[in-house]
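J.: The file below is model-v8.cif, mmCIF, C-alpha atoms:
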```cif
data_work
loop_
_atom_site.label_atom_id
_atom_site.label_comp_id
_atom_site.auth_asym_id
_atom_site.auth_seq_id
_atom_site.Cartn_x
_atom_site.Cartn_y
_atom_site.Cartn_z
CA MET J 1 25.89 -37.69 97.50
CA GLU J 2 22.67 -37.99 99.52
CA GLN J 3 24.46 -37.00 102.71
CA ARG J 4 26.05 -34.03 100.99
CA ASN J 5 22.66 -32.85 99.73
CA ASN J 6 21.46 -32.52 103.31
CA VAL J 7 23.61 -29.39 103.55
CA THR J 8 22.33 -26.57 101.37
CA GLU J 9 23.99 -23.69 103.22
CA PHE J 10 26.66 -22.98 105.82
CA VAL J 11 26.58 -20.68 108.82
CA LEU J 12 29.79 -18.64 109.25
CA LEU J 13 30.71 -17.73 112.81
CA GLY J 14 32.88 -14.86 111.57
CA LEU J 15 35.69 -13.11 113.41
CA THR J 16 33.88 -12.18 116.60
CA GLN J 17 30.51 -12.69 118.28
CA SER J 18 30.48 -9.17 119.70
CA LEU J 19 28.00 -6.96 117.80
CA GLN J 20 29.94 -3.81 118.66
CA GLY J 21 33.19 -5.44 117.59
CA GLN J 22 31.61 -6.48 114.29
CA LYS J 23 30.52 -2.91 113.53
CA ILE J 24 33.99 -1.57 114.29
CA LEU J 25 35.63 -4.23 112.11
CA SER J 26 33.22 -3.53 109.24
CA VAL J 27 34.26 0.14 109.21
CA VAL J 28 37.97 -0.72 109.44
CA PHE J 29 37.81 -3.33 106.67
CA LEU J 30 35.74 -1.03 104.44
CA PHE J 31 38.41 1.65 104.78
CA ILE J 32 41.18 -0.86 104.01
CA CYS J 33 39.25 -2.18 100.99
CA ILE J 34 38.89 1.36 99.59
CA VAL J 35 42.59 2.10 100.16
CA THR J 36 43.52 -1.16 98.43
CA MET J 37 41.33 -0.46 95.41
CA VAL J 38 42.66 3.08 95.04
CA GLY J 39 46.28 1.90 95.36
CA ASP J 40 45.89 -0.89 92.83
CA LEU J 41 44.00 1.29 90.35
CA LEU J 42 46.66 3.99 90.68
CA ILE J 43 49.42 1.49 89.90
CA GLY J 44 47.46 0.12 86.95
CA MET J 45 46.80 3.60 85.53
CA THR J 46 50.42 4.64 86.01
CA VAL J 47 51.76 1.57 84.19
CA VAL J 48 49.34 2.05 81.28
CA VAL J 49 49.73 5.82 80.89
CA SER J 50 53.42 6.39 81.68
CA PRO J 51 55.73 5.81 78.68
CA THR J 52 58.75 5.44 80.99
CA LEU J 53 57.30 2.29 82.55
CA ASP J 54 57.39 0.11 79.45
CA ALA J 55 59.61 -2.63 80.90
CA PRO J 56 58.02 -6.06 81.41
CA MET J 57 58.53 -5.76 85.18
CA TYR J 58 56.02 -2.90 85.34
CA PHE J 59 53.65 -4.82 83.10
CA PHE J 60 53.76 -7.64 85.64
CA LEU J 61 53.39 -5.17 88.51
CA GLY J 62 50.26 -3.71 86.94
CA TYR J 63 48.96 -7.22 86.40
CA LEU J 64 49.64 -8.08 90.05
CA SER J 65 47.37 -5.20 91.03
CA PHE J 66 44.79 -6.55 88.59
CA VAL J 67 45.05 -10.00 90.20
CA GLU J 68 44.10 -8.52 93.57
CA ARG J 69 41.09 -6.80 91.99
CA LYS J 70 40.24 -9.90 89.96
CA LYS J 71 40.04 -11.97 93.11
CA LYS J 72 37.38 -9.66 94.52
CA PHE J 73 35.64 -9.04 91.17
CA VAL J 74 35.14 -12.74 90.42
CA ASP J 75 33.74 -13.26 93.89
CA ALA J 76 31.50 -10.20 93.65
CA VAL J 77 29.82 -11.53 90.51
CA TYR J 78 28.68 -14.59 92.44
CA SER J 79 28.05 -12.71 95.71
CA THR J 80 30.71 -14.79 97.45
CA THR J 81 33.53 -12.35 98.01
CA VAL J 82 35.98 -12.66 100.87
CA THR J 83 36.60 -9.06 101.88
CA PRO J 84 33.41 -7.38 100.56
CA ASN J 85 31.25 -10.29 101.69
CA MET J 86 32.96 -10.28 105.09
CA ILE J 87 32.19 -6.57 105.49
CA ILE J 88 28.53 -7.20 104.71
CA ASP J 89 28.36 -10.22 107.04
CA LEU J 90 29.73 -8.16 109.92
CA LEU J 91 26.54 -6.08 109.78
CA TYR J 92 24.32 -9.11 110.37
CA GLU J 93 23.98 -11.32 113.41
CA LYS J 94 23.53 -14.53 111.37
CA LYS J 95 25.94 -15.08 108.49
CA THR J 96 24.99 -17.73 105.94
CA ILE J 97 26.36 -18.79 102.57
CA TYR J 98 24.81 -21.27 100.14
CA PHE J 99 26.67 -24.47 99.32
CA GLN J 100 27.21 -23.52 95.67
CA ALA J 101 28.37 -20.03 96.65
CA CYS J 102 30.77 -21.56 99.17
CA LEU J 103 32.30 -23.72 96.43
CA THR J 104 32.61 -20.70 94.15
CA GLN J 105 34.36 -18.74 96.88
CA LEU J 106 36.74 -21.63 97.59
CA PHE J 107 37.59 -22.04 93.90
CA ALA J 108 38.00 -18.31 93.19
CA GLU J 109 40.24 -17.76 96.21
CA HIS J 110 42.62 -20.62 95.32
CA LEU J 111 42.54 -19.72 91.63
CA SER J 112 43.68 -16.18 92.40
CA GLY J 113 46.12 -17.32 95.09
CA GLY J 114 47.71 -19.91 92.80
CA SER J 115 47.97 -17.37 89.99
CA GLU J 116 49.61 -14.86 92.32
CA VAL J 117 52.20 -17.41 93.47
CA LEU J 118 53.22 -18.07 89.88
CA LEU J 119 53.19 -14.37 89.08
CA LEU J 120 55.67 -13.70 91.89
CA VAL J 121 57.89 -16.39 90.34
CA VAL J 122 57.60 -14.69 86.94
CA MET J 123 58.52 -11.32 88.43
CA ALA J 124 61.56 -12.86 90.12
CA TYR J 125 62.65 -14.38 86.81
CA ASP J 126 62.17 -11.01 85.12
CA ARG J 127 64.48 -9.31 87.65
CA TYR J 128 67.05 -12.11 87.28
CA VAL J 129 67.18 -11.65 83.49
CA ALA J 130 67.32 -7.85 83.81
CA VAL J 131 70.34 -7.92 86.14
CA CYS J 132 72.22 -11.04 85.08
CA LYS J 133 71.61 -10.80 81.31
CA PRO J 134 70.97 -7.10 80.66
CA LEU J 135 72.11 -7.18 77.02
CA HIS J 136 69.62 -9.93 76.16
CA TYR J 137 66.79 -8.66 78.40
CA MET J 138 64.48 -7.18 75.75
CA MET J 139 65.04 -10.16 73.47
CA ILE J 140 64.24 -12.71 76.19
CA MET J 141 61.39 -10.77 77.85
CA ASN J 142 59.61 -9.63 74.71
CA GLN J 143 55.88 -8.93 74.56
CA ARG J 144 55.00 -12.40 73.34
CA VAL J 145 56.92 -14.01 76.20
CA HIS J 146 55.44 -11.97 79.02
CA VAL J 147 51.88 -12.42 77.69
CA LEU J 148 52.56 -16.16 77.50
CA LEU J 149 53.88 -16.13 81.06
CA LEU J 150 50.72 -14.41 82.28
CA MET J 151 48.60 -17.05 80.58
CA VAL J 152 50.66 -19.70 82.35
CA THR J 153 49.92 -18.07 85.72
CA TRP J 154 46.17 -18.36 85.14
CA VAL J 155 46.38 -21.92 83.83
CA GLY J 156 48.54 -22.86 86.81
CA GLY J 157 46.08 -21.21 89.19
CA PHE J 158 43.22 -23.17 87.60
CA VAL J 159 45.09 -26.47 87.89
CA HIS J 160 45.82 -25.63 91.54
CA ALA J 161 42.21 -24.72 92.40
CA ILE J 162 40.16 -27.33 90.53
CA PRO J 163 41.02 -30.27 92.90
CA TYR J 164 39.49 -28.38 95.84
CA LEU J 165 36.24 -27.91 93.95
CA LEU J 166 36.07 -31.59 93.04
CA PHE J 167 37.04 -32.78 96.53
CA VAL J 168 34.49 -30.71 98.42
CA TYR J 169 31.65 -31.27 95.97
CA ASN J 170 31.93 -35.05 96.32
CA LEU J 171 32.48 -35.15 100.08
CA PRO J 172 29.69 -36.50 102.33
CA PHE J 173 28.53 -33.78 104.72
CA CYS J 174 26.60 -35.07 107.72
CA GLY J 175 24.23 -32.20 108.26
CA LEU J 176 26.88 -30.13 110.07
CA ASN J 177 26.86 -26.64 108.61
CA VAL J 178 28.53 -24.32 111.15
CA ILE J 179 31.94 -23.08 109.98
CA ASP J 180 34.18 -21.37 112.52
CA HIS J 181 35.58 -18.93 109.99
CA PHE J 182 34.61 -15.83 108.03
CA TYR J 183 34.80 -17.45 104.58
CA CYS J 184 34.87 -20.90 102.99
CA ASP J 185 38.36 -22.36 103.05
CA ILE J 186 39.36 -25.97 102.70
CA TYR J 187 40.27 -26.88 106.29
CA PRO J 188 37.14 -25.38 107.93
CA LEU J 189 35.03 -27.22 105.33
CA LEU J 190 36.79 -30.54 105.97
CA LYS J 191 35.75 -30.33 109.63
CA GLN J 192 32.10 -30.70 108.51
CA VAL J 193 32.73 -33.98 106.70
CA CYS J 194 31.70 -37.36 108.15
CA THR J 195 34.36 -39.50 106.50
CA ASP J 196 38.09 -40.10 106.81
CA ILE J 197 39.86 -37.03 105.42
CA TYR J 198 43.45 -38.18 105.99
CA ALA J 199 44.21 -38.67 102.28
CA ILE J 200 42.56 -35.37 101.38
CA GLY J 201 44.52 -33.63 104.13
CA LEU J 202 47.77 -34.93 102.65
CA THR J 203 46.68 -33.67 99.24
CA VAL J 204 46.03 -30.20 100.67
CA VAL J 205 49.42 -30.18 102.40
CA ALA J 206 51.09 -31.18 99.11
CA ASN J 207 49.04 -28.83 96.93
CA ASP J 208 49.35 -25.81 99.20
CA GLY J 209 51.91 -26.25 101.94
CA ALA J 210 54.67 -28.19 100.18
CA ILE J 211 54.39 -26.18 96.98
CA CYS J 212 54.52 -22.92 98.95
CA ILE J 213 57.63 -24.06 100.81
CA VAL J 214 59.41 -25.18 97.62
CA ILE J 215 58.56 -22.02 95.68
CA PHE J 216 59.38 -19.81 98.67
CA MET J 217 62.82 -21.40 99.02
CA LEU J 218 63.46 -21.18 95.28
CA LEU J 219 62.52 -17.50 95.31
CA LEU J 220 64.84 -16.79 98.23
CA ILE J 221 67.67 -18.62 96.44
CA SER J 222 67.00 -16.72 93.22
CA TYR J 223 67.09 -13.41 95.07
CA GLY J 224 70.32 -14.53 96.74
CA VAL J 225 71.84 -15.07 93.29
CA PHE J 226 70.35 -11.75 92.22
CA LEU J 227 71.97 -9.88 95.14
CA HIS J 228 75.30 -11.64 94.60
CA SER J 229 75.37 -10.48 90.96
CA LEU J 230 74.98 -6.83 92.00
CA ARG J 231 78.70 -6.57 92.72
CA ASN J 232 79.26 -6.09 88.98
CA LEU J 233 77.02 -3.01 88.83
CA SER J 234 77.78 0.62 89.55
CA GLN J 235 76.76 2.15 92.86
CA GLU J 236 73.74 3.80 91.28
CA GLY J 237 72.76 0.55 89.57
CA ARG J 238 73.12 -1.41 92.83
CA HIS J 239 70.94 1.08 94.69
CA LYS J 240 68.23 0.92 92.03
CA ALA J 241 68.33 -2.89 91.87
CA LEU J 242 68.33 -3.25 95.68
CA SER J 243 65.29 -0.98 95.94
CA THR J 244 63.32 -3.08 93.46
CA CYS J 245 64.55 -6.38 94.88
CA GLY J 246 63.76 -5.28 98.44
CA SER J 247 60.12 -4.59 97.56
CA HIS J 248 59.79 -7.98 95.84
CA ILE J 249 61.30 -9.87 98.77
CA THR J 250 59.02 -8.06 101.22
CA VAL J 251 55.90 -8.98 99.23
CA VAL J 252 57.09 -12.59 98.86
CA ILE J 253 57.60 -12.94 102.63
CA LEU J 254 54.24 -11.34 103.44
CA PHE J 255 52.49 -13.70 101.04
CA PHE J 256 54.25 -17.01 101.65
CA VAL J 257 54.91 -17.10 105.41
CA PRO J 258 51.22 -16.97 106.47
CA CYS J 259 50.24 -19.46 103.74
CA ILE J 260 52.93 -21.92 104.81
CA PHE J 261 51.83 -21.68 108.44
CA MET J 262 48.16 -22.24 107.56
CA TYR J 263 48.56 -25.20 105.21
CA VAL J 264 51.65 -27.11 106.38
CA LYS J 265 49.81 -28.96 109.14
CA SER J 266 47.12 -31.55 109.71
CA PRO J 267 43.55 -30.77 108.55
CA SER J 268 42.66 -28.71 111.61
CA THR J 269 41.91 -25.10 112.38
CA LEU J 270 43.63 -22.97 115.00
CA PRO J 271 42.50 -19.64 116.47
CA ILE J 272 45.43 -17.89 114.77
CA ASP J 273 44.22 -19.12 111.36
CA LYS J 274 41.54 -16.41 111.31
CA PHE J 275 44.12 -13.71 111.97
CA LEU J 276 46.42 -15.07 109.25
CA SER J 277 43.51 -15.29 106.82
CA VAL J 278 42.58 -11.67 107.54
CA PHE J 279 46.22 -10.70 107.01
CA CYS J 280 46.37 -12.53 103.66
CA THR J 281 43.00 -11.41 102.29
CA VAL J 282 42.77 -7.88 103.71
CA PHE J 283 46.11 -6.42 104.78
CA THR J 284 48.54 -7.96 102.27
CA PRO J 285 46.63 -6.67 99.19
CA MET J 286 46.66 -3.21 100.80
CA LEU J 287 50.38 -3.32 101.61
CA ASN J 288 51.48 -4.55 98.16
CA PRO J 289 50.93 -1.28 96.25
CA LEU J 290 52.40 0.73 99.14
CA ILE J 291 55.52 -1.44 99.25
CA TYR J 292 56.08 -1.35 95.49
CA THR J 293 55.56 2.38 95.11
CA GLN J 294 57.55 3.49 98.16
CA ARG J 295 60.60 1.40 97.30
CA ASN J 296 60.61 2.05 93.55
CA ALA J 297 61.92 5.46 92.46
CA GLU J 298 60.73 5.09 88.85
CA MET J 299 57.21 4.23 89.96
CA LYS J 300 57.08 7.16 92.41
CA ASN J 301 58.34 9.61 89.78
CA ALA J 302 55.84 8.31 87.23
CA MET J 303 52.99 8.69 89.73
CA LYS J 304 54.06 12.25 90.52
CA LYS J 305 54.12 13.14 86.82
CA LEU J 306 50.73 11.49 86.29
CA TRP J 307 49.21 13.35 89.26
CA THR J 308 50.68 16.66 88.09
CA ARG J 309 49.34 16.08 84.57
CA LYS J 310 45.85 15.30 85.89
CA ARG J 311 45.79 18.44 88.02
CA LYS J 312 46.64 20.57 84.99
#
```
In structure tokens, write the structure found in this file.

T.:
Amino acid sequence: MEQRNNVTEFVLLGLTQSLQGQKILSVVFLFICIVTMVGDLLIGMTVVVSPTLDAPMYFFLGYLSFVERKKKFVDAVYSTTVTPNMIIDLLYEKKTIYFQACLTQLFAEHLSGGSEVLLLVVMAYDRYVAVCKPLHYMMIMNQRVHVLLLMVTWVGGFVHAIPYLLFVYNLPFCGLNVIDHFYCDIYPLLKQVCTDIYAIGLTVVANDGAICIVIFMLLLISYGVFLHSLRNLSQEGRHKALSTCGSHITVVILFFVPCIFMYVKSPSTLPIDKFLSVFCTVFTPMLNPLIYTQRNAEMKNAMKKLWTRKRK
């Protein structure tokens, strides 16, 4: 504990050392952050206001948008956000973050990420019940069940994130405080430790990499069963189901593939890790509302009606 106390703050090297490049990136990321917030808020408002979107799937979709906002809101309270804090850091030559703030950022990011993984599983199960057991859908996916499932996503995210907080807090740091990243993640932090991290590295691979692989494969299998069952539907029903399923599969691939690449390896950092982290924390949250709305006819129609009503 004495060695760990020698480190009170970390210096983040960020994405680039070029001052001009940092200013350009700050403008680009600010624009993306605004687009993401507007898209997620629009989905949330549409789900709440539109009476036609009363199915549990749209409740989960609205909650998914809330998860993306929650990830940034929790961080903002403690001044340790990923995207907003990264935008601010790009304006300064020296980027520092206090030890406690770094732990908060690490915990909040994995809490939200773990919750989102489970939420994608819940949404896949919802689509499976809707297509394979349509007559029992409203009985199985009643309000009590989908609220309970959302509580499970948060509890699961907490269970996933708490080991990282305990591991890092009790690790002996040797005075090294320069992190070659733009936020506090587990592998960049482990590089600052002056003890054997082999066992911890295996835990990270199991807690992040292996779980992501297993859930990713299960989701792909479930969507395979889902697509196979479409042969019993009418042409119109197949088109509607394929549109919804296609958006889900796209979001699942965009979320899981980068995470698997980053965490299914030894405790080391690669240059591409920064790009993948930017993709996961900046671009994927922006693409999610666009993917869902563009490939879902009901959502697009509800948004058009909502926009028309607001203009009147």

J.: The PyMOL selection byres ((chain J and resi 10-23) around 6) - which residues does that actually catch in the file I just gave you? List them as a list in words.

T.: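 Against this file, the PyMOL selection byres ((chain J and resi 10-23) around 6) returns the residues Glu9, Ile24, Leu25, Ser26, Leu90, Lys95, Thr96, Ile97, Asn177, Val178, Ile179, Asp180, His181 and Phe182 of chain J.
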
J.: Please identify all polymer residues within 10 Å of Leu165 of chain J, counting all atoms listed in the file, omitting same-chain residues fewer than 5 positions from it, and present them as a ChimeraX atom specification.

T.: /J:102-108,110,170,186

J.: Apply the PyMOL selection byres ((chain J and resi 34-38) around 8) to the file shown and report the selected residues as a PDB file with C-alpha atoms, in the coordinates of the input.

T.:
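expr_36.pdb, freshly written:
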```pdb
ATOM      1  CA  LEU J  30      35.740  -1.030 104.440  1.00  0.00           C
ATOM      2  CA  PHE J  31      38.410   1.650 104.780  1.00  0.00           C
ATOM      3  CA  ILE J  32      41.180  -0.860 104.010  1.00  0.00           C
ATOM      4  CA  CYS J  33      39.250  -2.180 100.990  1.00  0.00           C
ATOM      5  CA  GLY J  39      46.280   1.900  95.360  1.00  0.00           C
ATOM      6  CA  ASP J  40      45.890  -0.890  92.830  1.00  0.00           C
ATOM      7  CA  LEU J  41      44.000   1.290  90.350  1.00  0.00           C
ATOM      8  CA  LEU J  42      46.660   3.990  90.680  1.00  0.00           C
ATOM      9  CA  ARG J  69      41.090  -6.800  91.990  1.00  0.00           C
ATOM     10  CA  PRO J 285      46.630  -6.670  99.190  1.00  0.00           C
ATOM     11  CA  MET J 286      46.660  -3.210 100.800  1.00  0.00           C
ATOM     12  CA  LEU J 287      50.380  -3.320 101.610  1.00  0.00           C
ATOM     13  CA  PRO J 289      50.930  -1.280  96.250  1.00  0.00           C
TER      14      PRO J 289
END
```

J.: In the coordinates of the file, take the point (30.2, -32.2, 101.8) and a cut-off of 12 Å; then, counting all atoms listed in the file, name each qualifying protein, DNA or RNA residue as a count of residues only.

T.: 38

J.: For segment 186-197 of chain J, I'd like the enclosing box, axis-aligned and padded by 4 Å on every side, reported as lines of an AutoDock Vina configuration file with centre and edge lengths in Å to one decimal.

T.:
```
center_x = 36.0
center_y = -32.7
center_z = 106.2
size_x = 16.6
size_y = 22.7
size_z = 14.9
```

J.: With the file shown as input, list the residues that the PyMOL selection byres ((chain J and resi 264) around 8) selects, as a ChimeraX atom specification.

T.: /J:205,208-210,260-263,265-266

J.: Filtering to C-alpha atoms, could you give me those residues as a PDB file, keeping the file's coordinate frame?

T.:
```
ATOM      1  CA  VAL J 205      49.420 -30.180 102.400  1.00  0.00           C
ATOM      2  CA  ASP J 208      49.350 -25.810  99.200  1.00  0.00           C
ATOM      3  CA  GLY J 209      51.910 -26.250 101.940  1.00  0.00           C
ATOM      4  CA  ALA J 210      54.670 -28.190 100.180  1.00  0.00           C
ATOM      5  CA  ILE J 260      52.930 -21.920 104.810  1.00  0.00           C
ATOM      6  CA  PHE J 261      51.830 -21.680 108.440  1.00  0.00           C
ATOM      7  CA  MET J 262      48.160 -22.240 107.560  1.00  0.00           C
ATOM      8  CA  TYR J 263      48.560 -25.200 105.210  1.00  0.00           C
ATOM      9  CA  LYS J 265      49.810 -28.960 109.140  1.00  0.00           C
ATOM     10  CA  SER J 266      47.120 -31.550 109.710  1.00  0.00           C
TER      11      SER J 266
END
```

J.: With only C-alpha atoms as the basis for distance, which of J:Tyr198, J:Ile291, J:Pro258, J:Val282 is at the shortest distance from Val28 of chain J?

T.: J:Val282

J.: Quick check, in Å to one decimal: how far apart do atom CA of Leu254 of chain J and atom CA of Thr281 of chain J lie?

T.: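 If I compute the distance from atom CA of Leu254 of chain J to atom CA of Thr281 of chain J, I get 11.3 Å.
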
J.: Rank nothing, just name the residue among J:Ala101, J:Met141, J:Leu91, J:Ile200 nearest to Tyr187 of chain J, using only C-alpha atoms.

T.: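 Of all the options, J:Ile200 lies closest to Tyr187 of chain J.
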
J.: Which neighbours of His160 of chain J fall inside 10 Å, counting all atoms listed in the file, when residues of the same chain fewer than 6 positions from it are skipped, and could you give them as a VMD selection string?

T.: chain J and resid 107 110 to 115 154 207 to 208

J.: Expressed in Å to a single decimal, how great is the separation between atom CA of Ala130 of chain J and atom CA of Glu116 of chain J?

T.: 20.9 Å

J.: Just give me the gap between atom CA of Val155 of chain J and atom CA of Glu109 of chain J in Å, one decimal is fine.

T.: 14.4 Å

J.: Counting all atoms listed in the file, figure out which residue out of J:Ile162, J:Val27, J:Leu218, J:Val225 gets nearest to Pro84 of chain J.

T.: J:Val27

J.: For Phe158 of chain J, which of J:Val251, J:Cys259, J:Leu276, J:Leu118 is the closest residue, counting all atoms listed in the file?

T.: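 Of J:Val251, J:Cys259, J:Leu276, J:Leu118, the one nearest Phe158 of chain J, counting all atoms listed in the file, is J:Leu118.
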
J.: In terms of the shortest atom-to-atom distance over all atoms listed in the file, which of J:Ile272, J:Ala199, J:Leu242, J:Ile253 is closest to Val131 of chain J?

T.: J:Leu242
